[in-house]
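S.K.: Please see the structure below; I have some questions.
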There are 2 protein chains.
Amino acid sequence: MFYYRTMFSSSTLFGMTEPEAIQQPPEPPWRSAPRRRSVPRPRLSRDVVVDAALTVLESEGGEKLTMRRLADEIGVSASSLYGYVANKEELIQLVLDRMYAEVSFPPPSGNWQEWLKAFARAMLDMYRRHPGVAVLTLGRVAVTPSMLSGMEEMLGELRSAGLPDQVAVFVGDLAGLYVGGFAYELEVAPPGDPERFRDQFTGWLRSLPPGQFPNLRSLAGTMTAGSADDRFEWGLDVIIRGFASYLEKPPDPAAGWPAS
Amino acid sequence: MFYYRTMFSSSTLFGMTEPEAIQQPPEPPWRSAPRRRSVPRPRLSRDVVVDAALTVLESEGGEKLTMRRLADEIGVSASSLYGYVANKEELIQLVLDRMYAEVSFPPPSGNWQEWLKAFARAMLDMYRRHPGVAVLTLGRVAVTPSMLSGMEEMLGELRSAGLPDQVAVFVGDLAGLYVGGFAYELEVAPPGDPERFRDQFTGWLRSLPPGQFPNLRSLAGTMTAGSADDRFEWGLDVIIRGFASYLEKPPDPAAGWPAS
DNA sequence: GTTCGTAAGCGAACAACGTTCGGCTACAGA
DNA sequence: TCTGTAGCCGAACGTTGTTCGCTTACGAAC
């Protein structure tokens with residue numbers, strides 16, 4: 001579901017330790033241990049910080065999530081946060097982990113296509129419940145524990161439904177990119193009335209010079225047609241159809257496709 | 001090709017003017033006119049600034065593109081840049097416009113599938129020639145003149161190849177998202193030896209606890225298999241197959257798909 | 001009950017960022 | 001030669017993430 005921005009870019013970013021170094025609990029390396037305290041009387045905690053981050057996120061959006069603003073939300077100074085979070089990047093990773101953990105997996109079924117659609121919808125629902133989160137996933141690679149669990153679950157379902165390994169890996173890759181990108185698009189949409197905005201955009205397209213942009217002009221209505229949900233379902237369907245077609249009729253092996 | 005992050009989020013971001021206001025040259029609204037000067041003896045110019053931005057971008061990456069760094073590159077003070085560029089956002093838009101203009105369109109052919117693949121490859125080539133640019137497209141909506149031209153060209157080709165309007169619009173949407181996301185993935189990959197990194201990542205996956213992550217462990221090799229080019233071609237093929245399947249066998253109209 | 005160690009939290013500060021403002025400078029036109 | 005102005009600059013402002021040293025208040029030890 002979310003390999004895409006993950007598989008080739010995740011590890012060294014947060015000072016990933018060498019494979020040998022990770023043994024007992026292979027938590028992602030960015031997860032630093034919270035500071036020990038033999039005297040337990042803190043007003044703060046990792047959970048308090050992450051909770052407050054979510055509050056700020058949902059009420060003011062991703063760009064407004066600043067360490068000072070977050071500290072204000074809790075009623076504490078900004079520097080205090082660094083006792084519980086290594087830096088802002090780690091904070092965001094913790095937020096994303098919390099979000100991914102919220103996504104519930106569809107029950108196992110032999111039908112990988114329907115399962116994947118249900119999972120994708122669950123992901124999109126999560127993004128919708130927490131506006132401001134999709135923005136955080138951009139330009140960032142989140143290898144959080146709960147995201148690993150999501151990947152694991154999906155791979156299990158796809159494999160047990162009979163998909164070849166390579167296809168199982170790649171379908172998650174592509175679908176994850178799709179859902180994340182779609183959620184981002186929803187978030188970035190201007191806050192005002194969507195109808196009005198759509199009309200505005202359509203009108204702008206129609207105002208392009210006819211000689212230079214005939215297609216954009218005549219397709220102005222088409223480009224803004226359909227509800228967000230319709231477009232989401234459609235894209236999902238197209239991607240899954242593509243993979244189904246691949247299963248029925250694999251391309252020429254000489255083209256360099258990895259063997260399944 | 002790049003509708004995705006465009007169609008529903010572009011306009012109000014940069015203070016889009018009302019449709020009626022745009023008449024003769026409907027340049028995107030972020031493009032402010034450079035300051036008039038009856039005395040033409042400037043060391044700087046918009047082109048000089050954009051050129052320098054590209055140099056910084058390619059040598060130090062997107063995060064390092066700062067106004068001060070850019071000014072240093074030219075040998076000028078940071079504040080001087082604001083005579084030629086309204087702000088950093090506009091600078092980035094200008095950079096992106098320059099990049100999109102560099103992409104050459106494949107010659108028209110009746111085969112929309114091959115045409116689209118060729119266009120996607122040309123886009124990816126552009127991103128590869130200019131490392132650091134893909135990062136800039138994230139979290140941003142670039143409705144630049146050259147990007148409009150790209151959309152126009154693609155729509156023309158797809159329509160003349162017989163694709164229904166709605167499909168033509170959406171295929172560009174999805175393919176654009178794919179290419180942009182892929183390019184970003186390439187950029188974010190750690191600078192060191194890719195082979196070594198892949199081994200590292202594979203090893204890390206294999207070090208996950210077997211009971212909890214059996215699939216991730218056993219698919220560790222599969223997840224990192226294939227060259228970047230192979231994976232790019234594969235994803236492209238999957239997407240296009242999905243659309244082809246849609247053309248042959250449209251889904252149930254009751255499901256709310258837009259009529260073509 | 002007093003002392004003490006320690007960790008939680010604070011305020012100030014730092015560097016870097018985008019951006020603005022007032023002023024200097026040097027040239028084109030009068 | 002004078003003057004207006006365009007081009008550019010340095011300093012500054014308000015943010016940002018982050019660090020550092022200090023205060024404070026509690027649990028434990030005597």
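Identifiers in this document derive from the order of the structure tokens: chains are assigned A, B, ..., residues are numbered from 1 separately in each chain, and ligands are numbered from 1 in order of occurrence.
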Need the shell around Leu158 of chain B: protein/DNA/RNA residues with any atom at most 12 Å away, counting only C-alpha atoms (C1' of nucleotides). Skip same-chain ones fewer than 3 positions apart. Format as an mmCIF file with C-alpha atoms, in the first residue's frame?
M.R.:
data_model
loop_
_atom_site.group_PDB
_atom_site.id
_atom_site.type_symbol
_atom_site.label_atom_id
_atom_site.label_comp_id
_atom_site.auth_asym_id
_atom_site.auth_seq_id
_atom_site.Cartn_x
_atom_site.Cartn_y
_atom_site.Cartn_z
ATOM 1 C CA ASN A 215 -8.293 20.676 -26.278
ATOM 2 C CA MET B 1 0.552 13.915 -17.862
ATOM 3 C CA PRO B 108 2.011 11.997 -33.319
ATOM 4 C CA SER B 109 1.035 8.420 -33.932
ATOM 5 C CA GLY B 110 -2.247 6.594 -33.908
ATOM 6 C CA ASN B 111 -1.054 4.386 -31.063
ATOM 7 C CA TRP B 112 -1.924 6.205 -27.865
ATOM 8 C CA GLN B 113 -0.295 3.583 -25.681
ATOM 9 C CA GLU B 114 3.113 3.909 -27.259
ATOM 10 C CA TRP B 115 2.805 7.657 -27.497
ATOM 11 C CA LEU B 116 2.034 7.932 -23.809
ATOM 12 C CA LYS B 117 4.916 5.691 -22.876
ATOM 13 C CA PHE B 119 6.035 10.938 -23.368
ATOM 14 C CA MET B 151 -1.285 18.919 -21.246
ATOM 15 C CA GLU B 152 -2.671 20.310 -24.446
ATOM 16 C CA GLU B 153 -0.367 18.211 -26.570
ATOM 17 C CA MET B 154 -1.178 15.033 -24.709
ATOM 18 C CA LEU B 155 -4.903 15.595 -24.796
ATOM 19 C CA ALA B 161 -6.231 8.276 -31.137
ATOM 20 C CA GLY B 162 -9.852 7.734 -30.298
ATOM 21 C CA LEU B 163 -9.912 7.781 -26.520
ATOM 22 C CA PRO B 164 -13.113 9.081 -24.978
ATOM 23 C CA ASP B 165 -12.685 12.508 -23.451
ATOM 24 C CA GLN B 166 -13.072 11.430 -19.885
ATOM 25 C CA VAL B 167 -10.548 8.671 -20.326
ATOM 26 C CA ALA B 168 -8.095 10.966 -22.033
ATOM 27 C CA VAL B 169 -8.285 13.351 -19.124
ATOM 28 C CA PHE B 170 -7.877 10.703 -16.530
ATOM 29 C CA VAL B 171 -5.088 8.755 -18.129
ATOM 30 C CA GLY B 172 -2.978 11.871 -18.102
ATOM 31 C CA PHE B 243 -6.975 1.938 -19.271
#
S.K.: Please produce, as a Markdown table, a per-residue contact table for chain C versus chain B (criterion: any atom at most 10 Å away, only C-alpha atoms (C1' of nucleotides) considered), showing the nearest atom pair and its distance in Å to one decimal, sorted by chain then residue number.
M.R.:
| residue | atom | partner | partner_atom | distance |
| --- | --- | --- | --- | --- |
| C:DA16 | C1' | B:Thr66 | CA | 9.8 |
| C:DC17 | C1' | B:Thr66 | CA | 7.8 |
| C:DG18 | C1' | B:Met67 | CA | 7.6 |
| C:DT19 | C1' | B:Ser79 | CA | 8.1 |
| C:DT20 | C1' | B:Ser79 | CA | 8.7 |
| C:DC27 | C1' | B:Val39 | CA | 8.1 |
| C:DA28 | C1' | B:Val39 | CA | 6.7 |
S.K.: Just want the 12 Å neighbourhood of Glu248 of chain B, counted on only C-alpha atoms (C1' of nucleotides), with same-chain residues fewer than 3 positions away dropped. Output as a PDB file with N, CA and C atoms, in the first residue's frame.
M.R.:
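Dumped everything to around04.pdb:
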ATOM      1  N   ARG A 241      -7.310  -3.210 -12.659  1.00  0.00           N
ATOM      2  CA  ARG A 241      -7.487  -3.836 -13.970  1.00  0.00           C
ATOM      3  C   ARG A 241      -6.141  -4.065 -14.654  1.00  0.00           C
ATOM      4  N   SER A 245      -4.845  -7.647 -15.847  1.00  0.00           N
ATOM      5  CA  SER A 245      -4.457  -7.920 -17.228  1.00  0.00           C
ATOM      6  C   SER A 245      -3.055  -8.508 -17.284  1.00  0.00           C
TER       7      SER A 245
ATOM      8  N   LEU B 163      -9.493   7.967 -27.915  1.00  0.00           N
ATOM      9  CA  LEU B 163      -9.912   7.781 -26.520  1.00  0.00           C
ATOM     10  C   LEU B 163     -11.079   8.706 -26.183  1.00  0.00           C
ATOM     11  N   PRO B 164     -12.036   8.203 -25.446  1.00  0.00           N
ATOM     12  CA  PRO B 164     -13.113   9.081 -24.978  1.00  0.00           C
ATOM     13  C   PRO B 164     -12.537  10.214 -24.134  1.00  0.00           C
ATOM     14  N   ARG B 241      -2.289  -0.668 -19.383  1.00  0.00           N
ATOM     15  CA  ARG B 241      -3.139  -1.847 -19.530  1.00  0.00           C
ATOM     16  C   ARG B 241      -4.484  -1.636 -18.851  1.00  0.00           C
ATOM     17  N   GLY B 242      -4.426  -1.004 -17.702  1.00  0.00           N
ATOM     18  CA  GLY B 242      -5.677  -0.762 -16.988  1.00  0.00           C
ATOM     19  C   GLY B 242      -6.630   0.078 -17.815  1.00  0.00           C
ATOM     20  N   PHE B 243      -6.115   1.095 -18.447  1.00  0.00           N
ATOM     21  CA  PHE B 243      -6.975   1.938 -19.271  1.00  0.00           C
ATOM     22  C   PHE B 243      -7.442   1.190 -20.508  1.00  0.00           C
ATOM     23  N   ALA B 244      -6.556   0.405 -21.080  1.00  0.00           N
ATOM     24  CA  ALA B 244      -6.951  -0.366 -22.253  1.00  0.00           C
ATOM     25  C   ALA B 244      -8.095  -1.312 -21.897  1.00  0.00           C
ATOM     26  N   SER B 245      -7.966  -1.942 -20.752  1.00  0.00           N
ATOM     27  CA  SER B 245      -9.036  -2.842 -20.316  1.00  0.00           C
ATOM     28  C   SER B 245     -10.337  -2.086 -20.137  1.00  0.00           C
ATOM     29  N   PRO B 251     -16.922  -0.454 -16.971  1.00  0.00           N
ATOM     30  CA  PRO B 251     -17.610  -1.004 -15.808  1.00  0.00           C
ATOM     31  C   PRO B 251     -19.100  -0.697 -15.854  1.00  0.00           C
TER      32      PRO B 251
END
S.K.: Env of Ala228 of chain B: 10 Å cut, atoms = only C-alpha atoms (C1' of nucleotides), seq-sep filter 5 positions within chain, self excluded. Answer as a PyMOL selection string.
M.R.: (chain A and resi 8) or (chain B and resi 182+185-186+233-234)
S.K.: Please produce a file of the residues just selected, as an mmCIF file, in the first residue's frame, where the atoms kept are C-alpha atoms.
M.R.:
data_model
loop_
_atom_site.group_PDB
_atom_site.id
_atom_site.type_symbol
_atom_site.label_atom_id
_atom_site.label_comp_id
_atom_site.auth_asym_id
_atom_site.auth_seq_id
_atom_site.Cartn_x
_atom_site.Cartn_y
_atom_site.Cartn_z
ATOM 1 C CA PHE A 8 14.251 2.658 -2.114
ATOM 2 C CA PHE B 182 8.811 7.893 -9.566
ATOM 3 C CA GLU B 185 11.709 8.370 -5.514
ATOM 4 C CA LEU B 186 14.843 8.370 -7.631
ATOM 5 C CA GLU B 233 8.474 0.504 -17.466
ATOM 6 C CA TRP B 234 6.509 -2.018 -15.563
#
S.K.: Can you work out which residues from chain D touch chain A at a cut-off of 9 Å (counting only C-alpha atoms (C1' of nucleotides)) and hand them back as a list in words?
M.R.: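 Applying the cut-off to the listed atoms yields DT16, DG17, DT18, DT19, DC26 and DG27 of chain D.
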S.K.: I need the chosen residues saved as a short mmCIF file (atom, residue, chain, number, x, y, z; two decimals), in the first residue's frame, with N, CA and C atoms (P, O5', C5', C4', C3', O3' and C1' of nucleotides).
M.R.:
data_model
loop_
_atom_site.label_atom_id
_atom_site.label_comp_id
_atom_site.auth_asym_id
_atom_site.auth_seq_id
_atom_site.Cartn_x
_atom_site.Cartn_y
_atom_site.Cartn_z
P DT D 16 6.69 30.16 13.51
"O5'" DT D 16 7.94 29.21 13.15
"C5'" DT D 16 7.97 28.54 11.89
"C4'" DT D 16 9.36 28.00 11.61
"C3'" DT D 16 9.89 27.01 12.64
"O3'" DT D 16 9.40 25.73 12.35
"C1'" DT D 16 11.59 28.54 11.97
P DG D 17 9.34 24.63 13.53
"O5'" DG D 17 10.85 24.14 13.61
"C5'" DG D 17 11.43 23.47 12.51
"C4'" DG D 17 12.89 23.16 12.82
"C3'" DG D 17 13.10 22.21 13.99
"O3'" DG D 17 14.16 21.31 13.70
"C1'" DG D 17 14.17 24.26 14.46
P DT D 18 14.51 20.13 14.72
"O5'" DT D 18 15.55 20.81 15.71
"C5'" DT D 18 16.75 21.35 15.17
"C4'" DT D 18 17.56 21.99 16.28
"C3'" DT D 18 17.70 21.14 17.56
"O3'" DT D 18 19.06 20.77 17.71
"C1'" DT D 18 17.29 23.43 18.03
P DT D 19 19.55 19.92 18.97
"O5'" DT D 19 20.26 21.05 19.83
"C5'" DT D 19 21.10 21.98 19.18
"C4'" DT D 19 21.76 22.89 20.21
"C3'" DT D 19 22.22 22.19 21.49
"O3'" DT D 19 23.47 22.75 21.87
"C1'" DT D 19 20.72 23.92 22.03
P DC D 26 6.40 19.21 44.04
"O5'" DC D 26 6.60 17.66 44.31
"C5'" DC D 26 6.70 16.78 43.20
"C4'" DC D 26 7.96 15.96 43.30
"C3'" DC D 26 8.00 14.98 44.47
"O3'" DC D 26 7.60 13.70 44.01
"C1'" DC D 26 10.13 15.97 43.99
P DG D 27 7.18 12.55 45.08
"O5'" DG D 27 8.48 11.61 45.08
"C5'" DG D 27 8.97 11.10 43.85
"C4'" DG D 27 10.20 10.25 44.08
"C3'" DG D 27 10.10 9.23 45.21
"O3'" DG D 27 10.79 8.05 44.84
"C1'" DG D 27 11.77 10.86 45.74
#
S.K.: Using only C-alpha atoms (C1' of nucleotides), which residues sit within 10 Å of DC10 of chain C once same-chain residues fewer than 6 positions away are excluded, as a list in words?
M.R.: Val76, Ser77, Ala78, Ser79 and Ser80 of chain A; DC22, DT23 and DT24 of chain D
S.K.: Which residues are near Glu60 of chain A? Cut-off 12 Å, only C-alpha atoms (C1' of nucleotides), ignore same chain within fewer than 3 positions. Put them as a PyMOL selection string.
M.R.: chain A and resi 52-57+63-66+69-70+73+130-133+191
S.K.: Pick from B:Pro106, B:Tyr184, B:Arg98, B:Asp193: nearest to chain A, with only C-alpha atoms counted?
M.R.: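 Of all the options, B:Tyr184 lies closest to chain A.
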S.K.: Provide the atom CA of Glu187 of chain B to atom CA of Gly62 of chain B distance in Å, to one decimal place.
M.R.: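 Atom CA of Gly62 of chain B lies at a distance of 9.8 Å from atom CA of Glu187 of chain B.
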S.K.: Using only C-alpha atoms, can you tell me which of B:Ala189, B:Val85, B:Leu91, B:Leu247 comes closest to chain A?
M.R.: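 Checking each of B:Ala189, B:Val85, B:Leu91, B:Leu247 against chain A, counting only C-alpha atoms, the winner is B:Ala189.
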S.K.: Pick the closest to chain B from A:Ala101, A:Ala120, A:Gly139, A:Gly180: which is it, counting only C-alpha atoms?
M.R.: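 So, comparing all the options, the nearest one is A:Gly139.
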S.K.: Using only C-alpha atoms, which of the listed residues (A:Gly156, A:Arg129, A:Asp173, A:Val95) sits closest to chain B?
M.R.: A:Gly156
S.K.: Tell me, which residues of segment 75-228 of chain B carry DSSP helix (DSSP H, G or I), written as a ChimeraX atom specification?
M.R.: /B:78-83,88-102,112-129,133-137,145-160,165-188,194-206,214-218,220-223,228
S.K.: Given only C-alpha atoms as the basis, pick out the residue of A:Arg196, A:Gly176, A:Leu236, A:Pro250 nearest to Thr224 of chain A.
M.R.: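 The shortest atom-to-atom distance to Thr224 of chain A comes from A:Arg196.
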